[in-house]
>>> print(open('run.txt').read())   # compact mmCIF, C-alpha atoms
# COMPACT_ATOMS: atom_id res chain seq x y z
CA MET J 1 11.96 -6.90 21.45
CA VAL J 2 9.34 -8.13 23.83
CA ALA J 3 7.06 -5.17 23.38
CA ILE J 4 5.72 -6.49 20.11
CA GLN J 5 4.17 -9.45 21.91
CA ARG J 6 1.85 -7.14 23.75
CA ASP J 7 -1.51 -7.39 22.12
CA ILE J 8 -4.78 -5.75 22.86
CA ASP J 9 -7.44 -8.32 23.47
CA SER J 10 -10.34 -6.05 22.78
CA VAL J 11 -11.26 -5.12 19.24
CA VAL J 12 -9.81 -1.90 17.97
CA VAL J 13 -10.96 0.38 15.24
CA ASN J 14 -9.65 3.86 15.99
CA GLY J 15 -6.10 2.68 16.22
CA VAL J 16 -2.81 4.44 15.77
CA HIS J 17 -2.52 2.89 12.29
CA ASP J 18 -5.16 5.37 11.09
CA MET J 19 -2.61 8.13 10.56
CA GLY J 20 -4.05 10.35 7.87
CA GLY J 21 -3.86 13.98 9.05
CA MET J 22 -2.01 13.32 12.32
CA HIS J 23 0.60 15.83 13.46
CA GLY J 24 3.93 15.31 15.10
CA PHE J 25 5.72 12.58 13.14
CA GLY J 26 8.29 14.99 11.74
CA PRO J 27 9.97 15.19 8.36
CA ILE J 28 10.03 12.35 5.87
CA VAL J 29 13.29 10.44 6.14
CA ILE J 30 14.48 9.29 2.72
CA GLU J 31 17.11 6.57 2.61
CA THR J 32 19.21 6.72 -0.53
CA GLY J 33 20.17 3.46 -2.18
CA GLU J 34 17.72 1.57 -0.02
CA PRO J 35 17.84 -2.24 -0.43
CA VAL J 36 14.64 -4.21 -1.02
CA PHE J 37 15.17 -5.94 2.33
CA HIS J 38 17.39 -4.56 5.10
CA ALA J 39 18.17 -7.99 6.50
CA GLU J 40 17.67 -11.59 5.47
CA TRP J 41 14.87 -12.15 7.98
CA GLU J 42 12.79 -9.39 6.41
CA GLY J 43 12.80 -11.24 3.10
CA LYS J 44 11.83 -14.43 4.88
CA VAL J 45 8.90 -12.73 6.57
CA ARG J 46 7.76 -11.30 3.24
CA ALA J 47 8.05 -14.76 1.66
CA ILE J 48 6.16 -16.46 4.51
CA PHE J 49 3.39 -13.91 4.03
CA SER J 50 3.27 -14.47 0.26
CA GLY J 51 3.21 -18.23 0.77
CA THR J 52 0.40 -18.27 3.32
CA VAL J 53 -1.93 -15.28 2.67
CA GLY J 54 -5.08 -16.35 0.88
CA ARG J 55 -4.47 -19.94 2.01
CA TYR J 56 -4.81 -19.74 5.79
CA TYR J 57 -5.87 -16.14 6.36
CA ASN J 58 -6.92 -13.18 4.25
CA LEU J 59 -5.49 -9.71 3.83
CA ASP J 60 -8.14 -8.08 6.02
CA GLU J 61 -7.42 -10.47 8.89
CA PHE J 62 -3.75 -9.72 8.40
CA ARG J 63 -4.30 -5.97 8.57
CA HIS J 64 -6.54 -6.25 11.59
CA VAL J 65 -3.96 -8.20 13.59
CA ILE J 66 -1.51 -5.37 13.00
CA GLU J 67 -4.16 -2.83 13.98
CA ARG J 68 -4.75 -4.73 17.22
CA MET J 69 -1.14 -4.20 18.29
CA GLU J 70 -0.65 -2.06 21.35
CA PRO J 71 -0.04 1.46 20.00
CA THR J 72 3.45 2.01 21.32
CA ALA J 73 4.49 -1.46 20.12
CA TYR J 74 3.08 -0.63 16.70
CA LEU J 75 5.06 2.60 16.48
CA GLU J 76 8.28 1.10 17.84
CA ALA J 77 8.29 -1.92 15.57
CA VAL J 78 10.22 -2.05 12.32
CA TYR J 79 7.81 -2.55 9.42
CA TYR J 80 8.50 -6.26 8.96
CA GLU J 81 8.30 -6.82 12.71
CA ARG J 82 4.62 -5.95 12.43
CA TRP J 83 4.33 -8.41 9.59
CA LEU J 84 6.11 -11.11 11.59
CA HIS J 85 3.80 -10.48 14.52
CA ALA J 86 0.81 -10.80 12.16
CA VAL J 87 1.85 -14.02 10.44
CA GLU J 88 2.83 -15.63 13.75
CA THR J 89 -0.47 -14.64 15.34
CA LEU J 90 -2.67 -15.68 12.42
CA LEU J 91 -0.96 -18.99 11.71
CA ASP J 92 -1.27 -19.77 15.41
CA GLU J 93 -4.92 -18.69 15.64
CA LYS J 94 -5.81 -20.68 12.51
CA GLY J 95 -4.25 -23.83 13.93
CA VAL J 96 -1.58 -24.03 11.25
CA LEU J 97 1.23 -24.22 13.81
CA ALA J 98 -0.43 -26.81 16.03
CA SER J 99 0.96 -30.33 16.06
CA GLY J 100 -0.53 -32.70 13.54
CA SER J 101 -1.44 -31.92 9.99
CA ALA J 102 -2.21 -28.37 8.99
CA PRO J 103 -5.79 -27.38 8.16
CA ALA J 104 -6.80 -27.42 4.51
CA PRO J 105 -6.15 -24.15 2.69
CA GLN J 106 -9.15 -21.85 2.25
CA ALA J 107 -10.97 -21.75 -1.06
CA PRO J 108 -10.52 -18.46 -2.89
CA PRO J 109 -13.50 -16.11 -2.48
CA LYS J 110 -16.10 -16.29 -5.24
CA ARG J 111 -17.59 -13.10 -6.52
CA PRO J 112 -21.39 -13.35 -6.77
CA SER J 113 -22.64 -13.39 -10.34
CA ASN J 114 -25.94 -11.61 -9.76
CA PHE J 115 -25.26 -8.38 -8.06
CA PRO J 116 -27.65 -5.47 -7.50
CA ALA J 117 -26.98 -2.21 -9.28
CA PRO J 118 -24.65 0.27 -7.57
CA LYS J 119 -26.36 2.88 -5.39
CA PHE J 120 -24.05 5.66 -6.54
CA LYS J 121 -22.73 6.76 -9.91
CA ALA J 122 -19.93 9.04 -10.98
CA GLY J 123 -20.80 12.64 -10.20
CA ASP J 124 -23.02 11.87 -7.21
CA ARG J 125 -22.35 13.71 -3.97
CA ALA J 126 -21.95 11.41 -0.99
CA ARG J 127 -21.08 11.70 2.66
CA ALA J 128 -18.84 9.28 4.55
CA ARG J 129 -20.83 7.95 7.48
CA ASN J 130 -19.60 8.65 10.97
CA LEU J 131 -18.87 5.02 11.79
CA HIS J 132 -16.86 3.76 14.75
CA PRO J 133 -17.60 0.02 14.81
CA GLU J 134 -15.71 -2.37 17.04
CA GLY J 135 -13.38 -4.15 14.68
CA HIS J 136 -11.73 -3.69 11.33
CA ILE J 137 -12.84 -0.99 8.91
CA ARG J 138 -11.21 0.76 5.97
CA LEU J 139 -12.86 4.12 6.50
CA PRO J 140 -10.13 6.57 7.52
CA ARG J 141 -11.04 8.81 10.46
CA TYR J 142 -10.23 11.99 8.56
CA VAL J 143 -13.11 11.53 6.10
CA ARG J 144 -15.86 10.44 8.51
CA GLY J 145 -18.76 12.85 8.29
CA LYS J 146 -17.22 14.63 5.30
CA SER J 147 -18.84 15.03 1.89
CA GLY J 148 -17.30 14.47 -1.49
CA VAL J 149 -18.01 13.46 -5.07
CA VAL J 150 -18.04 9.90 -6.38
CA THR J 151 -15.71 9.72 -9.37
CA SER J 152 -16.20 6.11 -10.49
CA VAL J 153 -17.67 2.74 -9.55
CA LYS J 154 -15.36 -0.20 -8.76
CA GLY J 155 -15.80 -3.73 -7.55
CA PRO J 156 -17.72 -5.35 -6.05
CA PHE J 157 -15.00 -6.14 -3.52
CA LEU J 158 -15.23 -8.07 -0.25
CA LEU J 159 -16.26 -5.86 2.65
CA PRO J 160 -13.17 -5.69 4.91
CA ASP J 161 -15.27 -5.21 8.05
CA ALA J 162 -16.84 -8.64 7.48
CA ASN J 163 -13.89 -10.39 5.85
CA ALA J 164 -11.62 -9.62 8.80
CA HIS J 165 -14.08 -11.20 11.21
CA GLY J 166 -15.03 -14.54 9.73
CA ASN J 167 -17.69 -13.54 7.23
CA HIS J 168 -16.02 -13.99 3.85
CA ASP J 169 -19.04 -13.53 1.67
CA VAL J 170 -20.09 -9.87 1.87
CA TRP J 171 -19.44 -7.97 -1.33
CA GLU J 172 -19.99 -4.30 -2.00
CA TYR J 173 -19.22 -1.77 -4.68
CA VAL J 174 -16.34 0.53 -3.92
CA TYR J 175 -16.32 4.17 -4.94
CA PRO J 176 -13.33 6.46 -5.20
CA VAL J 177 -14.73 9.59 -3.54
CA ARG J 178 -13.01 12.93 -4.05
CA PHE J 179 -13.00 15.22 -1.00
CA ALA J 180 -11.98 18.84 -1.36
CA ALA J 181 -8.94 19.63 0.78
CA ARG J 182 -10.91 22.42 2.49
CA GLU J 183 -13.72 20.02 3.38
CA LEU J 184 -11.17 17.87 5.19
CA TRP J 185 -8.70 20.38 6.59
CA GLY J 186 -10.48 23.72 6.75
CA ALA J 187 -10.04 27.12 5.19
CA ASP J 188 -6.24 27.12 5.34
CA ALA J 189 -6.03 24.26 2.87
CA SER J 190 -5.65 24.80 -0.86
CA ALA J 191 -8.86 25.64 -2.69
CA ARG J 192 -7.80 23.41 -5.59
CA ASP J 193 -6.45 20.28 -3.97
CA SER J 194 -8.34 17.13 -3.10
CA VAL J 195 -7.94 13.72 -1.52
CA SER J 196 -9.62 10.69 -3.06
CA VAL J 197 -10.46 7.75 -0.79
CA ASP J 198 -11.90 4.41 -1.90
CA LEU J 199 -15.05 3.78 0.12
CA TRP J 200 -17.32 0.75 0.29
CA GLU J 201 -21.00 1.38 -0.39
CA SER J 202 -22.09 0.89 3.24
CA TYR J 203 -19.60 3.58 4.32
CA LEU J 204 -21.53 6.17 2.30
CA GLU J 205 -24.84 7.99 2.41
CA ALA J 206 -26.35 10.13 -0.31
CA VAL J 207 -26.18 13.91 -0.03
CA ARG J 208 -29.28 15.50 -1.45
CA MET L 209 12.94 5.73 17.25
CA SER L 210 11.90 5.98 13.63
CA GLU L 211 11.49 2.98 11.38
CA HIS L 212 14.41 4.28 9.39
CA GLU L 213 16.78 4.22 12.34
CA HIS L 214 15.59 0.76 13.26
CA GLN L 215 16.18 -0.63 9.86
CA GLU L 216 19.72 0.70 9.61
CA HIS L 217 20.61 -1.63 12.44
CA ASP L 218 21.67 -4.67 10.48
CA PRO L 219 21.93 -7.66 12.81
CA HIS L 220 24.88 -8.94 10.81
CA GLU L 221 27.03 -5.84 11.11
CA HIS L 222 28.44 -6.80 14.50
CA ASP L 223 29.51 -10.21 13.36
CA HIS L 224 33.29 -10.03 13.12
CA GLY L 225 33.85 -13.76 13.12
CA HIS L 226 35.34 -14.05 16.61
CA HIS L 227 32.33 -13.55 18.79
CA PRO L 228 29.30 -13.75 16.54
CA GLU L 229 26.34 -11.96 18.06
CA PRO L 230 23.36 -14.19 18.71
CA PRO L 231 20.54 -13.55 16.27
CA THR L 232 18.20 -10.76 17.27
CA ASP L 233 14.82 -11.69 18.61
CA VAL L 234 12.96 -10.90 15.41
CA GLU L 235 15.53 -12.73 13.31
CA ALA L 236 15.27 -15.81 15.50
CA ARG L 237 11.50 -15.71 15.41
CA ALA L 238 11.44 -15.38 11.61
CA LEU L 239 13.83 -18.30 11.18
CA ALA L 240 11.88 -20.42 13.65
CA LEU L 241 8.61 -19.74 11.85
CA GLU L 242 10.18 -20.54 8.49
CA SER L 243 11.57 -23.83 9.84
CA LEU L 244 8.26 -24.84 11.31
CA LEU L 245 6.34 -24.11 8.10
CA ILE L 246 8.88 -26.08 6.07
CA GLU L 247 8.75 -28.96 8.53
CA LYS L 248 4.97 -29.02 8.26
CA GLY L 249 5.13 -29.04 4.47
CA ILE L 250 3.38 -25.69 4.08
CA LEU L 251 6.36 -24.04 2.40
CA THR L 252 9.63 -25.26 0.99
CA SER L 253 12.93 -23.44 1.40
CA GLU L 254 13.10 -23.24 -2.41
CA GLN L 255 9.79 -21.37 -2.46
CA VAL L 256 11.00 -18.93 0.18
CA ASP L 257 14.23 -18.30 -1.72
CA GLU L 258 12.35 -17.88 -4.98
CA ILE L 259 9.92 -15.32 -3.52
CA ILE L 260 12.82 -13.31 -2.05
CA ARG L 261 14.73 -13.49 -5.35
CA THR L 262 11.67 -12.33 -7.29
CA PHE L 263 11.21 -9.27 -5.08
CA GLU L 264 14.92 -8.46 -5.12
CA GLN L 265 15.57 -8.98 -8.81
CA ASP L 266 12.50 -9.30 -11.01
CA ILE L 267 9.96 -6.80 -9.71
CA GLY L 268 10.80 -3.13 -9.51
CA PRO L 269 10.19 0.32 -10.95
CA MET L 270 11.65 -0.76 -14.31
CA LEU L 271 8.33 -2.53 -14.93
CA GLY L 272 6.28 0.59 -14.26
CA ALA L 273 8.71 2.58 -16.40
CA ARG L 274 7.95 0.30 -19.36
CA VAL L 275 4.24 0.90 -18.85
CA VAL L 276 4.70 4.67 -18.71
CA ALA L 277 6.96 4.78 -21.77
CA ARG L 278 4.44 2.76 -23.78
CA ALA L 279 1.66 5.12 -22.71
CA TRP L 280 3.79 8.08 -23.84
CA VAL L 281 4.24 6.70 -27.35
CA ASP L 282 0.89 4.96 -27.89
CA ARG L 283 -2.28 6.98 -27.28
CA ASP L 284 -4.55 3.98 -27.61
CA PHE L 285 -2.53 2.08 -25.04
CA ARG L 286 -2.69 5.10 -22.74
CA LYS L 287 -6.48 5.11 -23.04
CA ARG L 288 -6.72 1.38 -22.29
CA LEU L 289 -4.30 1.79 -19.39
CA ILE L 290 -6.51 4.35 -17.71
CA GLU L 291 -9.68 2.38 -18.38
CA ASP L 292 -8.42 -1.06 -17.35
CA ALA L 293 -4.85 -1.05 -16.11
CA ASN L 294 -4.65 -4.76 -15.30
CA ALA L 295 -5.54 -5.69 -18.86
CA ALA L 296 -3.26 -3.05 -20.37
CA VAL L 297 -0.15 -4.04 -18.41
CA GLY L 298 -0.95 -7.64 -19.31
CA GLU L 299 -0.36 -6.62 -22.94
CA LEU L 300 3.24 -5.90 -21.95
CA GLY L 301 3.55 -9.37 -20.44
CA LEU L 302 3.40 -8.14 -16.85
CA SER L 303 1.75 -10.32 -14.26
CA THR L 304 -1.70 -9.37 -13.10
CA THR L 305 -2.34 -12.53 -11.14
CA ASN L 306 -2.55 -11.01 -7.71
CA LEU L 307 -5.38 -9.95 -5.49
CA ALA L 308 -5.16 -6.24 -6.11
CA ARG L 309 -6.26 -4.25 -9.13
CA LEU L 310 -4.03 -1.62 -10.65
CA SER L 311 -5.52 1.82 -11.24
CA VAL L 312 -3.52 4.40 -13.21
CA VAL L 313 -4.10 8.11 -12.66
CA ALA L 314 -2.63 10.46 -15.24
CA ASN L 315 -0.93 13.78 -14.68
CA GLU L 316 -1.91 16.41 -17.20
CA PRO L 317 -1.48 20.15 -17.54
CA GLY L 318 -3.02 21.62 -14.39
CA VAL L 319 -3.30 18.30 -12.51
CA HIS L 320 -0.69 16.51 -10.41
CA ASN L 321 -1.45 13.17 -8.74
CA MET L 322 0.27 11.47 -5.82
CA ILE L 323 -0.43 8.26 -3.93
CA VAL L 324 -0.37 7.23 -0.30
CA CYS L 325 -1.85 4.59 1.98
CA THR L 326 -2.71 6.22 5.30
CA LEU L 327 -4.03 3.02 6.91
CA CYS L 328 -1.18 0.64 6.09
CA SER L 329 1.19 0.44 3.12
CA CYS L 330 -0.80 -0.42 -0.02
CA TYR L 331 1.41 0.15 -3.03
CA PRO L 332 1.37 -0.93 -6.70
CA TRP L 333 4.19 -3.39 -6.04
CA MET L 334 3.39 -5.46 -9.12
CA VAL L 335 4.74 -2.61 -11.25
CA LEU L 336 6.95 -0.67 -8.81
CA GLY L 337 8.40 -3.38 -6.57
CA LEU L 338 8.16 -3.25 -2.80
CA PRO L 339 7.71 0.25 -1.37
CA PRO L 340 10.56 2.29 0.10
CA THR L 341 10.61 2.70 3.88
CA TRP L 342 9.58 6.35 3.76
CA TYR L 343 6.36 5.40 1.94
CA LYS L 344 5.45 3.08 4.85
CA SER L 345 6.52 5.53 7.55
CA PRO L 346 4.24 7.61 9.82
CA PRO L 347 5.51 10.97 8.51
CA TYR L 348 4.50 10.26 4.90
CA ARG L 349 1.28 8.44 5.80
CA SER L 350 0.10 11.20 8.14
CA ARG L 351 1.14 14.22 6.08
CA ALA L 352 0.60 13.33 2.42
CA VAL L 353 -3.17 13.82 2.69
CA ARG L 354 -3.05 16.97 4.83
CA GLU L 355 -0.16 18.95 3.36
CA PRO L 356 0.83 17.41 0.04
CA ARG L 357 2.57 20.56 -1.18
CA VAL L 358 4.86 20.67 1.86
CA VAL L 359 5.59 16.97 1.45
CA LEU L 360 6.40 17.48 -2.21
CA GLU L 361 8.79 20.30 -1.32
CA GLU L 362 10.65 17.83 0.92
CA PHE L 363 11.10 15.68 -2.16
CA GLY L 364 12.36 18.71 -4.08
CA VAL L 365 9.20 19.08 -6.14
CA THR L 366 7.43 22.43 -6.38
CA ILE L 367 3.92 22.36 -7.77
CA GLN L 368 2.63 25.77 -8.87
CA GLU L 369 -0.38 27.17 -7.01
CA ASP L 370 -2.55 27.03 -10.11
CA VAL L 371 -2.00 23.27 -10.46
CA GLU L 372 -4.50 21.01 -8.71
CA ILE L 373 -3.03 18.26 -6.54
CA ARG L 374 -5.03 15.05 -6.31
CA VAL L 375 -3.93 12.72 -3.53
CA TRP L 376 -5.14 9.12 -3.78
CA ASP L 377 -5.42 7.29 -0.45
CA SER L 378 -5.26 3.58 -1.31
CA SER L 379 -7.87 2.31 1.12
CA SER L 380 -9.31 -0.54 -1.00
CA ASP L 381 -8.07 -3.30 -3.29
CA LEU L 382 -7.17 -0.74 -5.94
CA ARG L 383 -3.46 0.00 -6.21
CA TYR L 384 -2.83 3.42 -7.66
CA MET L 385 0.06 4.36 -9.90
CA VAL L 386 0.73 7.81 -11.33
CA LEU L 387 1.27 8.24 -15.07
CA PRO L 388 3.61 11.25 -15.20
CA GLU L 389 3.61 13.69 -18.08
CA ARG L 390 6.08 13.11 -20.87
CA PRO L 391 8.90 15.63 -20.55
CA SER L 392 9.39 18.10 -23.37
CA GLY L 393 12.37 17.68 -25.63
CA THR L 394 11.79 13.94 -25.99
CA ALA L 395 10.12 13.85 -29.40
CA ASP L 396 12.94 11.91 -31.04
CA MET L 397 13.50 9.41 -28.26
CA THR L 398 12.72 5.71 -28.53
CA GLU L 399 10.38 3.94 -26.14
CA ALA L 400 13.35 2.29 -24.41
CA GLU L 401 15.10 5.65 -24.01
CA LEU L 402 11.92 7.17 -22.62
CA ALA L 403 11.62 4.40 -20.04
CA GLU L 404 15.04 5.46 -18.71
CA LEU L 405 13.55 8.85 -17.80
CA VAL L 406 10.81 7.36 -15.64
CA THR L 407 11.69 7.25 -11.94
CA ARG L 408 9.97 5.32 -9.18
CA ASP L 409 9.14 8.57 -7.42
CA SER L 410 7.51 9.98 -10.55
CA MET L 411 5.11 7.03 -10.52
CA ILE L 412 4.29 7.62 -6.83
CA GLY L 413 3.81 11.30 -7.64
CA VAL L 414 6.52 12.64 -5.33
CA GLY L 415 8.92 13.18 -8.22
CA LEU L 416 8.98 14.14 -11.87
CA PRO L 417 10.57 12.21 -14.75
CA ARG L 418 14.21 12.92 -15.53
CA VAL L 419 14.85 15.62 -18.08
CA PRO L 420 16.72 14.22 -21.09
CA ALA L 421 20.34 15.26 -21.46
CA ALA L 422 20.81 17.92 -24.10
CA ARG L 423 21.83 16.47 -27.43
CA SER L 424 24.11 18.08 -29.94
>>> encode(input="run.txt", output="structure tokens")
Amino acid sequence: MVAIQRDIDSVVVNGVHDMGGMHGFGPIVIETGEPVFHAEWEGKVRAIFSGTVGRYYNLDEFRHVIERMEPTAYLEAVYYERWLHAVETLLDEKGVLASGSAPAPQAPPKRPSNFPAPKFKAGDRARARNLHPEGHIRLPRYVRGKSGVVTSVKGPFLLPDANAHGNHDVWEYVYPVRFAARELWGADASARDSVSVDLWESYLEAVR
Amino acid sequence: MSEHEHQEHDPHEHDHGHHPEPPTDVEARALALESLLIEKGILTSEQVDEIIRTFEQDIGPMLGARVVARAWVDRDFRKRLIEDANAAVGELGLSTTNLARLSVVANEPGVHNMIVCTLCSCYPWMVLGLPPTWYKSPPYRSRAVREPRVVLEEFGVTIQEDVEIRVWDSSSDLRYMVLPERPSGTADMTEAELAELVTRDSMIGVGLPRVPAARS
């Protein structure tokens, strides 16, 4: 499968990975008696990931490499093919595969001890900003510009947008925000149902 | 071609001993990467084997089922589980030494929860094991947030109109797990018996716990 080698050089945010709400993928195919790994190589890829993530690259960098895949290659690839593509790419980019000794493993991120108070609290209404930055972000397209209710305060966690691009020291609170189904999908959606999305503080603005 | 169809193609199935097929491209690349990392002293083959063995044998929905059964019999544990799931599952001796934080959302009368990761495949693997292929597939990721009731019907689960469905899209370092409701008719069951009723799908929110067999 050569297609998987195709990579988009430019940065990508609104990629095909951002699937929430898309139409056309058909019914859910459920495999009965599914094994943990479908082939030996899949287990090896999973193990290589476990043995190198957090040492030579972080989870946000890993996700972003997959998001940078050319869209048809992304959709055609078996799940662990995407992972293989990501570990190959990252270990190469980080110089781990170059001849000579491998670079020293990264130090684990340190959470700051003094952290300002969260801007939002449970019960606050908030709107997801309409952000389309060049690069990695964990703000799904289907909530951008939509309003919801903060249900709790979590974190602080590393900001993926920074952590995927070399700045490993930006921390923000994360808020599970509950969006009414009708806010997201219109009047045909259930009046009762909701979708909760975990959003970093800079993804949100207050609704007054 | 769907991921499912891809993954049914086992590269070993054509190997009849006479004319072994060469390894597929992905298989060859995975083996080459493994060899290189071992050669460079970054991993050992024992570590690789141990990680694979752990995922195949030690981690799976039986862990989550223990957590659920304990929450069904111990109200204080249930409360701690919802407030701080990492600490609570640690009480049961389960590992919490990974990057992600577990967050447990409880079904209750009038509320049904289900989990998805629309952006990739985040999943509470520390208590459920690695996710099934359908969970990682475009159909589930695209539809669970937009039409959860239709998705649930495909899993054979009908949620009444007057029950609120809360879908949790795992976009951060929190890994959601559903605490299903304890089935009726289980008052005299032990914690171990209750754990047998807890399915993987009931902890994702696309299924319900098994109903206990009628007793005489």
>>> closest_residue(input="run.txt", among="J:Gly95, J:Gly186, J:Gly20, J:Pro71", to="L:Arg351", atoms="all atoms listed in the file")
J:Gly20
>>> residues_around(input="run.txt", residues="J:Val153", least_positions_apart="4", cutoff="10 Å", atoms="all atoms listed in the file", output="PyMOL selection string")
chain J and resi 118-122+173-177+198+201
>>> closest_residue(input="run.txt", among="J:Lys154, J:His85, J:Arg125, J:His17", to="chain L", atoms="only C-alpha atoms")
J:His17
>>> closest_residue(input="run.txt", among="J:His136, J:Lys146, J:Arg192, J:Arg182", to="J:Glu205", atoms="only C-alpha atoms")
J:Lys146
>>> residues_around(input="run.txt", residues="stretch 158-169 of chain J", least_positions_apart="6", cutoff="6 Å", atoms="only C-alpha atoms", output="PDB file with C-alpha atoms, in the coordinates of the input")
ATOM      1  CA  ASP J  60      -8.140  -8.080   6.020  1.00  0.00           C
ATOM      2  CA  GLU J  61      -7.420 -10.470   8.890  1.00  0.00           C
ATOM      3  CA  HIS J 136     -11.730  -3.690  11.330  1.00  0.00           C
ATOM      4  CA  ILE J 137     -12.840  -0.990   8.910  1.00  0.00           C
TER       5      ILE J 137
END
>>> atom_distance(input="run.txt", atom1="atom CA of L:Ala273", atom2="atom CA of L:Trp376")
19.8 Å
>>> residues_near_point(input="run.txt", point="(6.1, -11.4, -7.7)", cutoff="12 Å", atoms="all atoms listed in the file", output="PDB file with C-alpha atoms, keeping the file's coordinate frame")
ATOM      1  CA  ARG J  46       7.760 -11.300   3.240  1.00  0.00           C
ATOM      2  CA  ALA J  47       8.050 -14.760   1.660  1.00  0.00           C
ATOM      3  CA  SER J  50       3.270 -14.470   0.260  1.00  0.00           C
ATOM      4  CA  GLY J  51       3.210 -18.230   0.770  1.00  0.00           C
TER       5      GLY J  51
ATOM      6  CA  GLN L 255       9.790 -21.370  -2.460  1.00  0.00           C
ATOM      7  CA  VAL L 256      11.000 -18.930   0.180  1.00  0.00           C
ATOM      8  CA  GLU L 258      12.350 -17.880  -4.980  1.00  0.00           C
ATOM      9  CA  ILE L 259       9.920 -15.320  -3.520  1.00  0.00           C
ATOM     10  CA  ILE L 260      12.820 -13.310  -2.050  1.00  0.00           C
ATOM     11  CA  ARG L 261      14.730 -13.490  -5.350  1.00  0.00           C
ATOM     12  CA  THR L 262      11.670 -12.330  -7.290  1.00  0.00           C
ATOM     13  CA  PHE L 263      11.210  -9.270  -5.080  1.00  0.00           C
ATOM     14  CA  GLU L 264      14.920  -8.460  -5.120  1.00  0.00           C
ATOM     15  CA  GLN L 265      15.570  -8.980  -8.810  1.00  0.00           C
ATOM     16  CA  ASP L 266      12.500  -9.300 -11.010  1.00  0.00           C
ATOM     17  CA  ILE L 267       9.960  -6.800  -9.710  1.00  0.00           C
ATOM     18  CA  GLY L 268      10.800  -3.130  -9.510  1.00  0.00           C
ATOM     19  CA  LEU L 271       8.330  -2.530 -14.930  1.00  0.00           C
ATOM     20  CA  LEU L 302       3.400  -8.140 -16.850  1.00  0.00           C
ATOM     21  CA  SER L 303       1.750 -10.320 -14.260  1.00  0.00           C
ATOM     22  CA  THR L 304      -1.700  -9.370 -13.100  1.00  0.00           C
ATOM     23  CA  THR L 305      -2.340 -12.530 -11.140  1.00  0.00           C
ATOM     24  CA  ASN L 306      -2.550 -11.010  -7.710  1.00  0.00           C
ATOM     25  CA  LEU L 307      -5.380  -9.950  -5.490  1.00  0.00           C
ATOM     26  CA  PRO L 332       1.370  -0.930  -6.700  1.00  0.00           C
ATOM     27  CA  TRP L 333       4.190  -3.390  -6.040  1.00  0.00           C
ATOM     28  CA  MET L 334       3.390  -5.460  -9.120  1.00  0.00           C
ATOM     29  CA  VAL L 335       4.740  -2.610 -11.250  1.00  0.00           C
ATOM     30  CA  LEU L 336       6.950  -0.670  -8.810  1.00  0.00           C
ATOM     31  CA  GLY L 337       8.400  -3.380  -6.570  1.00  0.00           C
ATOM     32  CA  LEU L 338       8.160  -3.250  -2.800  1.00  0.00           C
TER      33      LEU L 338
END
>>> closest_residue(input="run.txt", among="J:Val29, J:Val53, J:Leu131, J:Val143", to="chain L", atoms="all atoms listed in the file")
J:Val29
